[in-house]
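Structure file data.txt with compact mmCIF, C-alpha atoms and all ligand atoms:
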# COMPACT_ATOMS: atom_id res chain seq x y z
CA MET C 1368 -6.22 140.69 73.94
CA HIS C 1369 -6.05 140.14 70.19
CA ALA C 1370 -2.42 139.02 70.12
CA PHE C 1371 0.15 137.96 72.70
CA ARG C 1372 2.68 140.59 73.75
CA GLU C 1373 0.68 143.37 72.04
CA PRO C 1374 -0.92 146.27 73.93
CA LEU C 1375 -4.39 145.47 75.35
CA ARG C 1376 -7.35 147.51 74.04
CA VAL C 1377 -10.53 148.48 75.90
CA GLU C 1378 -13.46 147.72 73.58
CA SER C 1379 -17.21 147.20 73.73
CA VAL C 1380 -18.29 143.56 73.45
CA PRO C 1381 -21.72 141.87 73.89
CA ASP C 1382 -22.81 141.47 77.52
CA PRO C 1383 -22.33 137.92 78.89
CA GLU C 1384 -25.45 135.91 79.81
CA PRO C 1385 -25.56 133.75 82.94
CA ALA C 1386 -25.56 129.96 82.48
CA ARG C 1387 -28.57 128.15 84.02
CA ASP C 1388 -26.48 127.44 87.15
CA GLY C 1389 -24.21 130.49 86.82
CA VAL C 1390 -24.19 134.22 87.39
CA VAL C 1391 -22.95 137.39 85.78
CA VAL C 1392 -21.00 139.60 88.18
CA GLU C 1393 -20.54 143.35 87.83
CA VAL C 1394 -16.81 143.71 88.48
CA ARG C 1395 -15.93 146.31 91.15
CA ALA C 1396 -12.26 145.44 91.52
CA THR C 1397 -9.88 142.97 89.89
CA GLY C 1398 -6.23 142.26 90.66
CA VAL C 1399 -3.35 142.29 88.18
CA CYS C 1400 -1.06 139.34 88.77
CA ARG C 1401 1.98 137.61 87.37
CA SER C 1402 -0.28 134.83 86.02
CA ASP C 1403 -1.92 137.49 83.82
CA TRP C 1404 1.54 138.45 82.61
CA HIS C 1405 2.29 134.79 81.76
CA GLY C 1406 -1.00 134.64 79.86
CA TRP C 1407 -0.24 137.83 77.97
CA MET C 1408 3.22 136.52 77.09
CA GLY C 1409 1.63 133.41 75.52
CA HIS C 1410 2.95 130.97 78.14
CA ASP C 1411 -0.50 129.52 78.93
CA PRO C 1412 -1.84 127.08 76.32
CA ALA C 1413 -5.38 127.40 77.79
CA ILE C 1414 -5.81 130.91 76.38
CA ALA C 1415 -7.60 131.24 73.03
CA LEU C 1416 -7.60 134.60 71.24
CA PRO C 1417 -9.34 136.98 71.32
CA HIS C 1418 -9.27 136.93 75.09
CA VAL C 1419 -10.15 138.97 78.19
CA PRO C 1420 -7.72 138.46 81.11
CA GLY C 1421 -8.55 138.88 84.79
CA HIS C 1422 -9.09 136.26 87.51
CA GLU C 1423 -8.85 138.03 90.91
CA LEU C 1424 -12.23 139.67 91.13
CA ALA C 1425 -14.80 140.99 93.51
CA GLY C 1426 -18.13 142.53 92.62
CA VAL C 1427 -21.90 142.39 92.79
CA VAL C 1428 -24.14 139.74 91.24
CA ALA C 1429 -25.91 141.39 88.30
CA ALA C 1430 -27.88 138.40 87.00
CA ALA C 1431 -28.38 134.79 88.11
CA GLY C 1432 -29.50 131.72 86.12
CA PRO C 1433 -32.76 129.94 87.07
CA GLU C 1434 -30.98 127.06 88.87
CA VAL C 1435 -28.96 129.28 91.26
CA ARG C 1436 -30.32 128.96 94.82
CA GLY C 1437 -27.77 130.64 97.08
CA PHE C 1438 -27.11 133.94 95.31
CA ALA C 1439 -29.25 136.75 93.89
CA PRO C 1440 -28.67 140.07 92.13
CA GLY C 1441 -27.15 142.59 94.53
CA ASP C 1442 -25.07 140.06 96.51
CA ARG C 1443 -21.42 141.05 97.10
CA VAL C 1444 -19.19 138.15 96.07
CA THR C 1445 -15.74 136.93 95.17
CA VAL C 1446 -14.61 133.66 93.59
CA PRO C 1447 -11.47 131.50 93.72
CA PHE C 1448 -9.65 131.72 90.39
CA CYS C 1449 -10.13 127.98 89.87
CA CYS C 1450 -13.84 127.13 89.66
CA GLY C 1451 -15.03 123.55 90.15
CA CYS C 1452 -17.48 121.53 88.05
CA GLY C 1453 -18.96 119.77 91.08
CA ARG C 1454 -19.02 116.41 89.28
CA CYS C 1455 -15.44 115.14 88.87
CA GLU C 1456 -13.59 113.07 91.49
CA PRO C 1457 -11.53 115.97 92.96
CA CYS C 1458 -14.66 118.17 93.20
CA ARG C 1459 -16.62 115.39 94.91
CA GLN C 1460 -13.77 115.18 97.44
CA GLY C 1461 -14.02 118.93 98.01
CA GLN C 1462 -10.86 119.70 96.03
CA THR C 1463 -12.42 122.17 93.57
CA GLN C 1464 -9.03 123.85 93.04
CA ILE C 1465 -7.82 120.85 91.02
CA CYS C 1466 -11.09 120.18 89.18
CA ASP C 1467 -10.70 117.97 86.09
CA ALA C 1468 -12.83 120.40 84.05
CA ASP C 1469 -10.63 123.33 85.16
CA TYR C 1470 -12.66 126.52 84.59
CA GLN C 1471 -10.55 129.62 85.22
CA PRO C 1472 -11.90 133.06 84.32
CA GLY C 1473 -9.18 134.99 82.55
CA PHE C 1474 -7.56 131.78 81.26
CA THR C 1475 -9.97 129.08 80.04
CA ALA C 1476 -12.72 131.70 79.63
CA TRP C 1477 -13.07 135.48 79.42
CA GLY C 1478 -12.17 137.10 82.71
CA SER C 1479 -12.65 140.18 84.81
CA PHE C 1480 -10.66 142.96 83.10
CA ALA C 1481 -14.20 143.94 82.17
CA GLY C 1482 -17.39 145.51 83.47
CA LEU C 1483 -19.16 142.13 83.56
CA VAL C 1484 -17.90 138.57 83.93
CA ALA C 1485 -19.84 135.28 83.70
CA LEU C 1486 -19.09 132.63 86.34
CA PRO C 1487 -20.28 129.00 86.26
CA ARG C 1488 -21.94 126.85 88.95
CA ALA C 1489 -22.49 129.72 91.33
CA ASP C 1490 -23.73 127.71 94.32
CA LEU C 1491 -20.49 125.70 94.34
CA ASN C 1492 -17.98 128.42 93.46
CA LEU C 1493 -19.10 131.84 94.67
CA VAL C 1494 -18.07 133.14 98.07
CA PRO C 1495 -20.24 135.77 99.82
CA LEU C 1496 -18.20 138.74 101.06
CA PRO C 1497 -18.50 139.94 104.65
CA GLU C 1498 -19.45 143.62 104.98
CA GLU C 1499 -16.08 144.35 106.65
CA LEU C 1500 -14.24 143.57 103.42
CA GLY C 1501 -14.06 146.17 100.64
CA PHE C 1502 -14.03 145.17 96.97
CA THR C 1503 -10.39 146.13 96.47
CA GLU C 1504 -9.23 144.03 99.44
CA ALA C 1505 -11.50 141.17 98.37
CA ALA C 1506 -10.07 141.23 94.83
CA SER C 1507 -6.63 140.72 96.32
CA LEU C 1508 -7.79 137.48 98.01
CA GLY C 1509 -8.97 135.25 95.16
CA CYS C 1510 -5.56 134.27 93.84
CA ARG C 1511 -2.35 135.18 95.62
CA PHE C 1512 -3.68 135.63 99.14
CA MET C 1513 -5.76 132.46 99.16
CA THR C 1514 -2.89 130.53 97.58
CA ALA C 1515 -0.58 131.81 100.32
CA TYR C 1516 -3.17 130.86 102.93
CA ALA C 1517 -3.43 127.36 101.46
CA ALA C 1518 0.38 127.06 101.34
CA ILE C 1519 0.82 127.98 105.02
CA GLU C 1520 -2.33 126.52 106.59
CA VAL C 1521 -3.33 123.57 104.40
CA HIS C 1522 -0.10 122.27 102.81
CA GLY C 1523 2.60 123.65 105.14
CA ARG C 1524 0.53 122.89 108.27
CA VAL C 1525 2.55 125.63 109.99
CA ARG C 1526 2.35 125.72 113.79
CA ALA C 1527 3.23 128.48 116.24
CA GLY C 1528 6.98 128.48 116.81
CA ASP C 1529 7.88 126.98 113.41
CA TRP C 1530 10.43 128.61 111.16
CA VAL C 1531 9.02 129.44 107.74
CA ALA C 1532 11.23 130.50 104.81
CA VAL C 1533 9.65 132.43 101.94
CA HIS C 1534 11.72 132.54 98.73
CA GLY C 1535 10.47 135.40 96.55
CA CYS C 1536 8.46 138.22 98.10
CA GLY C 1537 6.06 139.29 95.36
CA GLY C 1538 2.34 139.39 96.11
CA VAL C 1539 1.99 135.74 97.08
CA GLY C 1540 5.23 135.71 99.10
CA LEU C 1541 4.24 138.78 101.11
CA ALA C 1542 0.80 137.28 101.71
CA ALA C 1543 2.43 134.06 102.93
CA ILE C 1544 4.56 136.09 105.35
CA MET C 1545 1.42 137.72 106.77
CA VAL C 1546 -0.39 134.38 107.17
CA ALA C 1547 2.65 132.70 108.76
CA VAL C 1548 3.19 135.60 111.18
CA ALA C 1549 -0.50 135.52 112.13
CA ARG C 1550 -0.06 131.80 112.85
CA GLY C 1551 2.82 132.57 115.26
CA ALA C 1552 5.68 131.34 113.07
CA GLY C 1553 9.09 132.98 112.69
CA VAL C 1554 9.61 134.02 109.08
CA VAL C 1555 12.79 134.36 107.02
CA ALA C 1556 12.10 136.36 103.85
CA VAL C 1557 14.35 135.91 100.79
CA ASP C 1558 14.40 138.28 97.83
CA VAL C 1559 16.80 140.17 95.56
CA ASP C 1560 15.34 143.63 96.15
CA GLU C 1561 16.16 145.68 99.24
CA GLN C 1562 12.84 147.60 99.27
CA THR C 1563 10.91 144.35 98.97
CA LEU C 1564 12.84 142.90 101.91
CA GLU C 1565 12.05 146.07 103.86
CA LEU C 1566 8.35 145.52 103.11
CA ALA C 1567 8.68 141.89 104.25
CA ARG C 1568 10.21 143.06 107.55
CA SER C 1569 7.39 145.59 108.03
CA LEU C 1570 4.88 142.73 107.65
CA GLY C 1571 6.55 140.82 110.47
CA ALA C 1572 9.38 138.79 108.92
CA ALA C 1573 11.99 138.17 111.64
CA HIS C 1574 14.89 137.99 109.15
CA ALA C 1575 15.43 139.16 105.58
CA VAL C 1576 18.03 137.52 103.34
CA ASP C 1577 19.29 139.24 100.18
CA ALA C 1578 19.82 136.34 97.76
CA ARG C 1579 22.37 138.42 95.81
CA ALA C 1580 24.61 138.73 98.86
CA ALA C 1581 24.35 135.28 100.47
CA ASP C 1582 23.42 131.70 99.61
CA PRO C 1583 19.85 131.62 100.97
CA ALA C 1584 19.96 127.97 102.10
CA SER C 1585 23.12 128.47 104.20
CA ALA C 1586 21.86 131.77 105.60
CA ILE C 1587 18.54 130.19 106.61
CA ALA C 1588 20.24 127.17 108.19
CA GLU C 1589 22.30 129.56 110.32
CA LEU C 1590 19.42 131.89 111.24
CA THR C 1591 17.06 129.07 112.21
CA GLY C 1592 19.48 126.67 113.89
CA GLY C 1593 19.33 123.97 111.23
CA GLY C 1594 16.79 125.01 108.63
CA ALA C 1595 13.17 125.97 108.17
CA HIS C 1596 10.31 123.66 109.14
CA VAL C 1597 8.38 124.86 106.11
CA SER C 1598 9.78 126.61 103.04
CA LEU C 1599 7.96 128.14 100.07
CA ASP C 1600 9.15 128.81 96.55
CA ALA C 1601 6.87 131.79 96.07
CA LEU C 1602 8.52 132.92 92.84
CA GLY C 1603 8.67 129.87 90.59
CA SER C 1604 12.14 129.25 89.19
CA ALA C 1605 14.71 126.48 89.17
CA ALA C 1606 16.91 128.46 91.56
CA THR C 1607 14.21 129.33 94.12
CA CYS C 1608 12.71 125.82 94.01
CA ALA C 1609 16.07 124.15 94.75
CA GLY C 1610 16.99 126.90 97.23
CA SER C 1611 13.74 126.36 99.11
CA ILE C 1612 14.26 122.59 99.35
CA ARG C 1613 17.88 123.05 100.51
CA SER C 1614 16.82 125.51 103.22
CA LEU C 1615 14.69 122.92 105.06
CA ARG C 1616 15.60 121.10 108.24
CA LYS C 1617 15.05 117.34 108.44
CA ARG C 1618 11.41 116.26 107.95
CA GLY C 1619 10.68 119.76 106.60
CA ARG C 1620 8.01 120.60 104.04
CA HIS C 1621 8.64 122.38 100.73
CA VAL C 1622 5.60 124.07 99.24
CA GLN C 1623 5.78 125.00 95.56
CA VAL C 1624 3.65 128.11 95.14
CA GLY C 1625 5.24 130.00 92.23
CA LEU C 1626 4.20 128.73 88.82
CA LEU C 1627 6.86 126.93 86.81
CA LEU C 1628 6.14 127.89 83.22
CA ASP C 1629 7.91 128.22 79.92
CA ASP C 1630 11.67 127.68 80.39
CA GLU C 1631 11.22 126.79 84.07
CA ARG C 1632 8.84 123.87 83.51
CA ASP C 1633 11.38 121.19 84.37
CA VAL C 1634 13.45 122.17 87.37
CA GLY C 1635 16.18 120.07 88.92
CA VAL C 1636 14.87 118.92 92.30
CA PRO C 1637 17.64 117.97 94.79
CA MET C 1638 16.08 114.56 95.35
CA ASP C 1639 19.16 113.33 97.24
CA ARG C 1640 18.30 115.87 99.95
CA VAL C 1641 14.63 114.88 99.85
CA ILE C 1642 15.63 111.30 100.68
CA SER C 1643 18.33 111.93 103.27
CA TYR C 1644 16.27 114.57 105.13
CA GLU C 1645 12.90 112.82 104.61
CA LEU C 1646 11.44 115.99 103.13
CA GLU C 1647 7.90 116.46 101.98
CA LEU C 1648 7.16 118.24 98.68
CA ARG C 1649 3.74 119.80 98.09
CA GLY C 1650 2.32 121.68 95.12
CA VAL C 1651 -0.32 124.35 95.59
CA HIS C 1652 -2.87 125.18 92.92
CA GLY C 1653 -4.98 127.84 94.58
CA MET C 1654 -7.31 126.82 97.38
CA ALA C 1655 -10.48 124.80 97.65
CA VAL C 1656 -13.54 126.98 98.07
CA SER C 1657 -14.19 125.07 101.33
CA HIS C 1658 -11.29 126.87 103.06
CA PHE C 1659 -12.57 130.34 102.19
CA ASP C 1660 -14.81 130.67 105.25
CA ALA C 1661 -11.85 130.21 107.61
CA LEU C 1662 -9.81 132.76 105.63
CA LEU C 1663 -12.64 135.30 105.67
CA ARG C 1664 -13.26 134.81 109.41
CA THR C 1665 -9.55 135.39 110.09
CA ILE C 1666 -9.73 138.64 108.12
CA ALA C 1667 -13.03 139.72 109.68
CA ARG C 1668 -11.63 139.43 113.21
CA GLY C 1669 -8.64 141.55 112.22
CA ALA C 1670 -5.86 138.95 112.37
CA LEU C 1671 -5.07 139.41 108.67
CA ASP C 1672 -5.34 142.59 106.61
CA PRO C 1673 -5.02 141.85 102.88
CA GLY C 1674 -5.43 145.57 102.15
CA ARG C 1675 -1.87 146.12 103.44
CA LEU C 1676 -0.60 144.42 100.31
CA VAL C 1677 -2.49 146.60 97.87
CA GLY C 1678 0.22 148.91 96.57
CA ARG C 1679 -1.99 150.96 94.28
CA THR C 1680 -5.19 150.96 92.28
CA ILE C 1681 -5.36 151.73 88.57
CA ALA C 1682 -8.06 152.21 85.92
CA LEU C 1683 -9.07 149.50 83.43
CA GLU C 1684 -7.46 151.52 80.63
CA ASP C 1685 -4.07 151.13 82.35
CA ALA C 1686 -4.25 147.32 82.62
CA GLY C 1687 -2.25 146.70 79.44
CA ALA C 1688 0.63 148.93 80.45
CA GLU C 1689 0.64 147.38 83.92
CA LEU C 1690 0.89 143.87 82.44
CA ALA C 1691 3.66 144.86 80.05
CA ALA C 1692 5.66 146.25 82.95
CA MET C 1693 5.51 142.98 84.91
CA GLY C 1694 8.36 141.31 83.02
CA GLY C 1695 10.94 142.16 85.68
CA PHE C 1696 11.10 140.13 88.87
CA ALA C 1697 10.81 143.08 91.24
CA GLN C 1698 7.12 143.60 92.09
CA ARG C 1699 6.29 145.67 95.14
CA GLY C 1700 2.85 144.94 96.51
CA VAL C 1701 -0.34 144.15 94.65
CA THR C 1702 -1.98 146.25 91.94
CA VAL C 1703 -5.78 146.25 91.69
CA ILE C 1704 -7.97 147.66 88.93
CA ALA C 1705 -10.76 149.52 90.70
CA CYS C 1706 -14.10 150.11 88.97
CA ASP C 1707 -15.65 152.42 91.56
CA ASP C 1708 -18.20 153.86 89.15
CA PRO C 1709 -19.51 150.84 87.25
CA ALA C 1710 -22.47 152.79 85.80
CA GLY C 1711 -20.19 155.44 84.37
CA ALA C 1712 -17.66 152.86 83.26
CA GLY C 1713 -20.24 151.09 81.09
CA PRO C 1714 -21.01 147.45 81.86
CA SER C 1715 -19.92 145.89 78.58
CA ARG C 1716 -16.42 147.24 78.21
CA ALA C 1717 -13.58 144.78 78.32
CA ALA C 1718 -9.83 144.98 77.95
CA SER C 1719 -9.13 142.53 75.13
ZN ZN K 1 -14.61 119.22 88.97
ZN ZN K 2 -3.50 135.81 90.16
What is this structure when it is put down as structure tokens?
Amino acid sequence: MHAFREPLRVESVPDPEPARDGVVVEVRATGVCRSDWHGWMGHDPAIALPHVPGHELAGVVAAAGPEVRGFAPGDRVTVPFCCGCGRCEPCRQGQTQICDADYQPGFTAWGSFAGLVALPRADLNLVPLPEELGFTEAASLGCRFMTAYAAIEVHGRVRAGDWVAVHGCGGVGLAAIMVAVARGAGVVAVDVDEQTLELARSLGAAHAVDARAADPASAIAELTGGGAHVSLDALGSAATCAGSIRSLRKRGRHVQVGLLLDDERDVGVPMDRVISYELELRGVHGMAVSHFDALLRTIARGALDPGRLVGRTIALEDAGAELAAMGGFAQRGVTVIACDDPAGAGPSRAAS
């Protein structure tokens, strides 16, 4: 990426070297996500040009620095999009996802729309992949799926029998529906696209509300007998944030999952409702690496299938066009760039 909002180019660049405590990973698959679109639009001040996007990756360790103990070349791995430093207060409390040093491939550093990507502090941040999980499915975990898992399991603390409302059924919203259904919750999906709502129903949502046809908060209150126990803004807008809060029953929990960027940075929160209903508001910034084992075990035993969300796979050359097309709100499923033939693809290419 040489300029914001300009087509991406695939070029040859020097191979990255591993840091003393880091690795270089040969990318086998990498997701394309709305955060990449925000970055490409110039909404993310962390990005310095020229830049290589890409933060939802899975691959094979190609080289490891001398201080890495737990990983070696040939290991199949993925990584949460937010890597920890291991030294700051949040990291020492196990909260690597809100590390003060904030290393995010594809944002604060060059990412995985490339043959090779360097990752820091491998022993802290890398996650070994179980054999059951393919690279494409694994690439769909490291951002939206794990964020959805954190929203439902860690922040929402959803229990069997709860009502969960999901406002916005893009990749992270659909993933949240799957995690909530697996937990035994009843899900109300909200979106503005009929095909997306159909997809939400096929993933187990009990009800689907078309936000163009009905006020979501009133519809949810009626469908759930008073409101959701847990509600997610999985899109990130003033309307979905307020709608999510207003769709909660008393003592309910709102989980803000969708990023609020650019014009949506300052949303009007209905704080009167927060007080009178004693609501809880939680923000989610990815997931601590410590929760990954539970997520992977749930997938390995078949209770969750992230592959169901992968709509299609594309080639690295098509990444720019895919990003440019993400401006609209309607996204059906998850797109993954697959690099099935890394030798033929050439290890040092990058979409910049
Ligand atoms: Zn840290
Ligand atoms: Zn992402």
| request: Report as a PyMOL selection string which protein, DNA and RNA residues come within 6 Å of ligand ZN 2 (chain K), using only C-alpha atoms and all ligand atoms. | output: chain C and resi 1400+1402+1423+1510-1511
| query | With all atoms listed in the file as the atoms that count, which of C:Asp1467, C:Asp1629, C:Asp1403, C:Asp1388 lies nearest to ligand ZN 1 (chain K)? | reply | C:Asp1467
| task | May I have the residues within 10 Å of ligand ZN 1 (chain K), computed using all atoms listed in the file, as a ChimeraX atom specification? | result | /C:1449-1470
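With all atoms listed in the file as the basis for measurement, C:Met1368 is the residue among C:Met1368, C:Val1548, C:Ala1692, C:Ala1580 that approaches Pro1417 in chain C most closely.
Of note, CA of Ala1556 in chain C and CA of Gly1509 in chain C are spaced 22.8 Å apart.
Distances here use only C-alpha atoms; by that measure, the residue among C:Ala1586, C:Ile1642, C:Val1576, C:Val1539 closest to Asp1600 in chain C is C:Val1539.
CA of Gly1478 in chain C to CA of Glu1393 in chain C spans 11.6 Å [interatomic distance, one decimal].
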| Between CA of Ala1670 in chain C and CA of Glu1520 in chain C, distance in Å (one decimal) | 14.2 Å
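Counting all atoms listed in the file and comparing C:Pro1673, C:Gly1694, C:Gly1594, C:Pro1447, the residue that lies closest to Val1546 in chain C is C:Pro1673.
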May I have a table of the residues of range 1586-1639 of chain C lying at most 12 Å from range 1409-1414 of chain C, giving each one's closest pair of atoms and their distance in Å to one decimal, counting all atoms listed in the file, ordered by chain and ascending residue number, as CSV?
residue,atom,partner,partner_atom,distance
C:Leu1626,CA,C:Asp1411,CA,11.0
C:Leu1627,CA,C:His1410,CA,10.3
C:Leu1628,CA,C:His1410,CA,6.7
C:Asp1629,CA,C:His1410,CA,5.9
C:Asp1630,CA,C:His1410,CA,9.6
C:Glu1631,CA,C:His1410,CA,11.0
C:Arg1632,CA,C:His1410,CA,10.7
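Using all atoms listed in the file, the nearest neighbour of Gly1593 in chain C within the list C:Leu1615, C:Met1693, C:Leu1671, C:Val1636 is C:Leu1615.
Between Pro1497 in chain C and the residues C:Val1444, C:Ile1704, C:Gly1406, C:Glu1645, the shortest atom-to-atom distance, using only C-alpha atoms, involves C:Val1444.
Residues within 7 Å of Ala1485 in chain C, counting all atoms listed in the file and excluding same-chain residues fewer than 6 positions away, are Pro1383, Glu1384, Pro1385, Val1390, Val1391 and Val1392 of chain C.
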| field | Residue list as an NGL selection string for point (14.9, 124.1, 87.7), cut-off 8 Å, only C-alpha atoms | value | :C and (1604-1606 or 1608-1609 or 1631-1636)
Give me the residues of range 1368-1442 of chain C that have any atom at most 12 Å from an atom of range 1487-1495 of chain C; for each, the nearest atom pair and the distance in Å, rounded to one decimal. Use all atoms listed in the file, sort by chain and number, and format it as CSV.
residue,atom,partner,partner_atom,distance
C:Pro1383,CA,C:Pro1487,CA,11.8
C:Glu1384,CA,C:Pro1487,CA,10.8
C:Pro1385,CA,C:Pro1487,CA,7.8
C:Ala1386,CA,C:Pro1487,CA,6.6
C:Arg1387,CA,C:Arg1488,CA,8.4
C:Asp1388,CA,C:Arg1488,CA,4.9
C:Gly1389,CA,C:Pro1487,CA,4.2
C:Val1390,CA,C:Ala1489,CA,6.2
C:Val1391,CA,C:Pro1487,CA,8.8
C:Val1392,CA,C:Leu1493,CA,10.3
C:Leu1424,CA,C:Leu1493,CA,11.0
C:Ala1425,CA,C:Val1494,CA,9.6
C:Gly1426,CA,C:Pro1495,CA,10.1
C:Val1427,CA,C:Pro1495,CA,9.8
C:Val1428,CA,C:Leu1493,CA,10.0
C:Ala1430,CA,C:Ala1489,CA,11.1
C:Ala1431,CA,C:Ala1489,CA,8.4
C:Gly1432,CA,C:Ala1489,CA,9.0
C:Pro1433,CA,C:Ala1489,CA,11.1
C:Glu1434,CA,C:Arg1488,CA,9.0
C:Val1435,CA,C:Asp1490,CA,6.3
C:Arg1436,CA,C:Asp1490,CA,6.7
C:Gly1437,CA,C:Asp1490,CA,5.7
C:Phe1438,CA,C:Asp1490,CA,7.2
C:Ala1439,CA,C:Ala1489,CA,10.1
C:Gly1441,CA,C:Pro1495,CA,11.1
C:Asp1442,CA,C:Pro1495,CA,7.3
Counting all atoms listed in the file, which residues of range 1513-1612 of chain C fall within 12 Å of range 1659-1669 of chain C, and what is the closest atom pair for each with its distance in Å at one decimal, ordered by chain and rising number, as CSV?
residue,atom,partner,partner_atom,distance
C:Met1513,CA,C:Leu1662,CA,7.6
C:Thr1514,CA,C:Phe1659,CA,10.7
C:Ala1515,CA,C:Leu1662,CA,10.7
C:Tyr1516,CA,C:Leu1662,CA,7.4
C:Ala1517,CA,C:Leu1662,CA,9.3
C:Ile1519,CA,C:Leu1662,CA,11.7
C:Glu1520,CA,C:Leu1662,CA,9.8
C:Val1521,CA,C:Ala1661,CA,11.3
C:Met1545,CA,C:Ile1666,CA,11.3
C:Val1546,CA,C:Thr1665,CA,9.7
C:Ala1549,CA,C:Thr1665,CA,9.3
C:Arg1550,CA,C:Thr1665,CA,10.5
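Proximity to Leu1564 in chain C at 12 Å, evaluated using only C-alpha atoms and with sequence-adjacent residues fewer than 6 positions away removed, yields C:Val1533, C:His1534, C:Gly1535, C:Cys1536, C:Gly1537, C:Gly1540, C:Leu1541, C:Ile1544, C:Val1554, C:Val1555, C:Ala1556, C:Val1557, C:Asp1558, C:Leu1570, C:Gly1571, C:Ala1572, C:Ala1573, C:His1574, C:Ala1575, C:Val1576, C:Asp1577, C:Ala1578, C:Ala1697, C:Gln1698, C:Arg1699, C:Gly1700.
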Fix up range 1435-1440 of chain C with all heavy atoms, then write it as a CSV table (one decimal), in the frame of the given file.
chain,number,residue,atom,x,y,z
C,1435,VAL,N,-29.8,128.8,90.1
C,1435,VAL,CA,-29.0,129.3,91.3
C,1435,VAL,C,-29.9,129.5,92.5
C,1435,VAL,O,-30.9,130.2,92.4
C,1435,VAL,CB,-28.2,130.6,90.9
C,1435,VAL,CG1,-27.5,131.1,92.1
C,1435,VAL,CG2,-27.3,130.3,89.7
C,1436,ARG,N,-29.5,128.9,93.6
C,1436,ARG,CA,-30.3,129.0,94.8
C,1436,ARG,C,-29.7,129.9,95.8
C,1436,ARG,O,-30.4,130.6,96.6
C,1436,ARG,CB,-30.4,127.6,95.5
C,1436,ARG,CG,-31.2,126.5,94.6
C,1436,ARG,CD,-32.7,126.8,94.6
C,1436,ARG,NE,-33.4,125.9,93.7
C,1436,ARG,CZ,-33.7,126.2,92.4
C,1436,ARG,NH1,-33.4,127.4,92.0
C,1436,ARG,NH2,-34.3,125.4,91.6
C,1437,GLY,N,-28.4,130.0,95.9
C,1437,GLY,CA,-27.8,130.6,97.1
C,1437,GLY,C,-27.4,132.1,96.8
C,1437,GLY,O,-27.0,132.8,97.8
C,1438,PHE,N,-27.5,132.6,95.6
C,1438,PHE,CA,-27.1,133.9,95.3
C,1438,PHE,C,-28.2,134.6,94.5
C,1438,PHE,O,-28.9,134.0,93.7
C,1438,PHE,CB,-25.8,133.9,94.6
C,1438,PHE,CG,-24.6,133.4,95.4
C,1438,PHE,CD1,-24.3,132.0,95.4
C,1438,PHE,CD2,-23.9,134.2,96.2
C,1438,PHE,CE1,-23.3,131.5,96.2
C,1438,PHE,CE2,-22.9,133.7,97.0
C,1438,PHE,CZ,-22.6,132.4,97.0
C,1439,ALA,N,-28.2,136.0,94.6
C,1439,ALA,CA,-29.2,136.8,93.9
C,1439,ALA,C,-28.6,138.1,93.5
C,1439,ALA,O,-27.6,138.5,94.1
C,1439,ALA,CB,-30.5,137.0,94.8
C,1440,PRO,N,-29.2,138.8,92.5
C,1440,PRO,CA,-28.7,140.1,92.1
C,1440,PRO,C,-28.5,141.0,93.3
C,1440,PRO,O,-29.4,141.0,94.2
C,1440,PRO,CB,-29.7,140.6,91.1
C,1440,PRO,CG,-30.2,139.3,90.5
C,1440,PRO,CD,-30.3,138.3,91.6
